[in-house]
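Source file: final.pdb (PDB, C-alpha atoms)
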ATOM      1  CA  MET M   5     141.395 156.916 128.983  1.00  0.00           C
ATOM      2  CA  LYS M   6     142.147 158.629 125.761  1.00  0.00           C
ATOM      3  CA  GLN M   7     145.510 159.890 124.587  1.00  0.00           C
ATOM      4  CA  LYS M   8     144.411 163.517 125.199  1.00  0.00           C
ATOM      5  CA  ASP M   9     143.572 162.739 128.837  1.00  0.00           C
ATOM      6  CA  ILE M  10     147.069 161.389 129.528  1.00  0.00           C
ATOM      7  CA  ALA M  11     148.675 164.485 127.980  1.00  0.00           C
ATOM      8  CA  VAL M  12     146.469 166.808 130.045  1.00  0.00           C
ATOM      9  CA  ILE M  13     147.289 164.907 133.258  1.00  0.00           C
ATOM     10  CA  ALA M  14     151.042 165.032 132.443  1.00  0.00           C
ATOM     11  CA  VAL M  15     150.894 168.805 131.839  1.00  0.00           C
ATOM     12  CA  ILE M  16     148.969 169.339 135.096  1.00  0.00           C
ATOM     13  CA  VAL M  17     151.530 167.260 137.032  1.00  0.00           C
ATOM     14  CA  VAL M  18     154.477 169.199 135.590  1.00  0.00           C
ATOM     15  CA  VAL M  19     152.882 172.626 136.163  1.00  0.00           C
ATOM     16  CA  SER M  20     151.793 171.767 139.717  1.00  0.00           C
ATOM     17  CA  GLY M  21     155.265 170.393 140.505  1.00  0.00           C
ATOM     18  CA  ILE M  22     156.974 173.573 139.334  1.00  0.00           C
ATOM     19  CA  PHE M  23     154.420 175.739 141.144  1.00  0.00           C
ATOM     20  CA  SER M  24     154.794 173.820 144.417  1.00  0.00           C
ATOM     21  CA  PHE M  25     158.613 173.948 144.185  1.00  0.00           C
ATOM     22  CA  ILE M  26     158.609 177.736 143.750  1.00  0.00           C
ATOM     23  CA  ILE M  27     156.079 178.302 146.540  1.00  0.00           C
ATOM     24  CA  SER M  28     157.918 175.970 148.952  1.00  0.00           C
ATOM     25  CA  ASN M  29     161.181 177.896 148.438  1.00  0.00           C
ATOM     26  CA  TYR M  30     159.473 181.072 149.623  1.00  0.00           C
ATOM     27  CA  VAL M  31     157.500 179.494 152.465  1.00  0.00           C
ATOM     28  CA  PHE M  32     159.913 176.990 154.010  1.00  0.00           C
ATOM     29  CA  VAL M  33     163.347 178.356 153.113  1.00  0.00           C
ATOM     30  CA  THR M  34     163.517 182.061 153.754  1.00  0.00           C
ATOM     31  CA  PRO M  35     166.703 184.061 153.055  1.00  0.00           C
ATOM     32  CA  LYS M  36     167.089 184.463 156.821  1.00  0.00           C
ATOM     33  CA  ASP M  37     167.262 180.664 157.224  1.00  0.00           C
ATOM     34  CA  ARG M  38     169.899 180.350 154.518  1.00  0.00           C
ATOM     35  CA  GLN M  39     172.426 182.247 156.638  1.00  0.00           C
ATOM     36  CA  SER M  40     174.150 180.259 159.362  1.00  0.00           C
ATOM     37  CA  GLN M  41     176.884 180.949 161.872  1.00  0.00           C
ATOM     38  CA  VAL M  42     179.553 178.275 162.148  1.00  0.00           C
ATOM     39  CA  GLU M  43     182.461 177.829 164.490  1.00  0.00           C
ATOM     40  CA  VAL M  44     185.824 178.620 162.939  1.00  0.00           C
ATOM     41  CA  VAL M  45     188.401 175.929 163.615  1.00  0.00           C
ATOM     42  CA  PRO M  46     191.998 177.102 164.013  1.00  0.00           C
ATOM     43  CA  GLN M  47     194.470 175.848 161.459  1.00  0.00           C
ATOM     44  CA  ILE M  48     196.604 172.861 162.459  1.00  0.00           C
ATOM     45  CA  THR M  49     200.309 173.666 162.352  1.00  0.00           C
ATOM     46  CA  SER M  50     203.461 171.633 162.810  1.00  0.00           C
ATOM     47  CA  THR M  51     204.712 173.830 165.655  1.00  0.00           C
ATOM     48  CA  PHE M  52     204.371 172.616 169.216  1.00  0.00           C
ATOM     49  CA  GLN M  53     204.283 174.814 172.291  1.00  0.00           C
ATOM     50  CA  GLN M  54     206.560 173.750 175.101  1.00  0.00           C
ATOM     51  CA  PRO M  55     204.663 172.469 178.157  1.00  0.00           C
ATOM     52  CA  ASP M  56     204.546 174.437 181.393  1.00  0.00           C
ATOM     53  CA  LYS M  57     207.853 174.240 183.290  1.00  0.00           C
ATOM     54  CA  ARG M  58     205.992 173.946 186.606  1.00  0.00           C
ATOM     55  CA  PHE M  59     204.751 170.480 185.682  1.00  0.00           C
ATOM     56  CA  TYR M  60     207.194 169.152 183.098  1.00  0.00           C
ATOM     57  CA  ASN M  61     210.659 169.337 184.586  1.00  0.00           C
ATOM     58  CA  SER M  62     213.345 166.901 185.664  1.00  0.00           C
ATOM     59  CA  SER M  63     211.985 166.575 189.217  1.00  0.00           C
ATOM     60  CA  ALA M  64     208.328 166.167 188.272  1.00  0.00           C
ATOM     61  CA  PHE M  65     206.319 163.042 189.128  1.00  0.00           C
ATOM     62  CA  ASP M  66     206.342 160.505 186.266  1.00  0.00           C
ATOM     63  CA  PRO M  67     202.910 158.812 186.016  1.00  0.00           C
ATOM     64  CA  THR M  68     204.195 156.302 183.456  1.00  0.00           C
ATOM     65  CA  ARG M  69     206.672 154.758 185.870  1.00  0.00           C
ATOM     66  CA  ILE M  70     205.674 151.452 187.458  1.00  0.00           C
ATOM     67  CA  ILE M  71     205.078 151.811 191.187  1.00  0.00           C
ATOM     68  CA  VAL M  72     205.863 148.773 193.337  1.00  0.00           C
ATOM     69  CA  ILE M  73     204.557 148.628 196.898  1.00  0.00           C
ATOM     70  CA  GLY M  74     206.276 145.916 198.918  1.00  0.00           C
ATOM     71  CA  GLN M  75     207.827 142.667 197.676  1.00  0.00           C
ATOM     72  CA  ASN M  76     205.961 140.556 195.123  1.00  0.00           C
ATOM     73  CA  SER M  77     207.342 137.102 194.451  1.00  0.00           C
ATOM     74  CA  ASN M  78     204.542 136.130 192.042  1.00  0.00           C
ATOM     75  CA  THR M  79     205.834 136.810 188.526  1.00  0.00           C
ATOM     76  CA  ASP M  80     202.662 135.531 186.824  1.00  0.00           C
ATOM     77  CA  PRO M  81     199.697 136.936 188.794  1.00  0.00           C
ATOM     78  CA  PHE M  82     196.978 135.890 186.315  1.00  0.00           C
ATOM     79  CA  ASN M  83     197.992 132.248 186.075  1.00  0.00           C
ATOM     80  CA  SER M  84     197.349 130.976 189.597  1.00  0.00           C
ATOM     81  CA  PRO M  85     198.781 127.522 190.474  1.00  0.00           C
ATOM     82  CA  GLY M  86     195.361 126.316 191.712  1.00  0.00           C
ATOM     83  CA  ARG M  87     193.864 126.288 188.205  1.00  0.00           C
TER
END
Do you think you could lay out the structure here as C-alpha cells?
Amino acid sequence: MKQKDIAVIAVIVVVSGIFSFIISNYVFVTPKDRQSQVEVVPQITSTFQQPDKRFYNSSAFDPTRIIVIGQNSNTDPFNSPGR
C-alpha cells in the first residue's frame, strides 16, 4: 500500500462514521422516543404520622411479647443432654 491509499482509507472511515452516526440518530432515536414518563417519588420528611388508634392503643395485642404455653422446665432447648 502506498501512503496515498492509507490517507484515502482514513478519510473514507471518518466520513462514513460521521454519516452513519447522523443517520442512526434519525432512524433509531426519534424525538418521540426521547420523551419518557417517570414516576414521581414523594419527598422524605422528618415528620411521622401517628398510627391508627384502633390498632395501636394501650389494650392492643403486643406481637413482640413472648407467649408461653404451659410449663417448660428446659432452659436450654437446643443443647439436649443426649448429645
In Å to one decimal, how far is atom CA of Asp66 of chain M from atom CA of Asn78 of chain M?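 Answer for the atom CA of Asn78 of chain M to atom CA of Asp66 of chain M separation: 25.1 Å.
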Determine the axis-aligned bounding box of all atoms of segment 60-79 of chain M present in the file, pad each side by 4 Å, and express its centre and edge lengths in Å to one decimal place as AutoDock Vina command-line options.
--center_x 208.1 --center_y 152.7 --center_z 191.0 --size_x 18.4 --size_y 41.2 --size_z 23.8
Pairwise distance, atom CA of Thr49 of chain M with atom CA of Asn61 of chain M, equals 24.9 Å
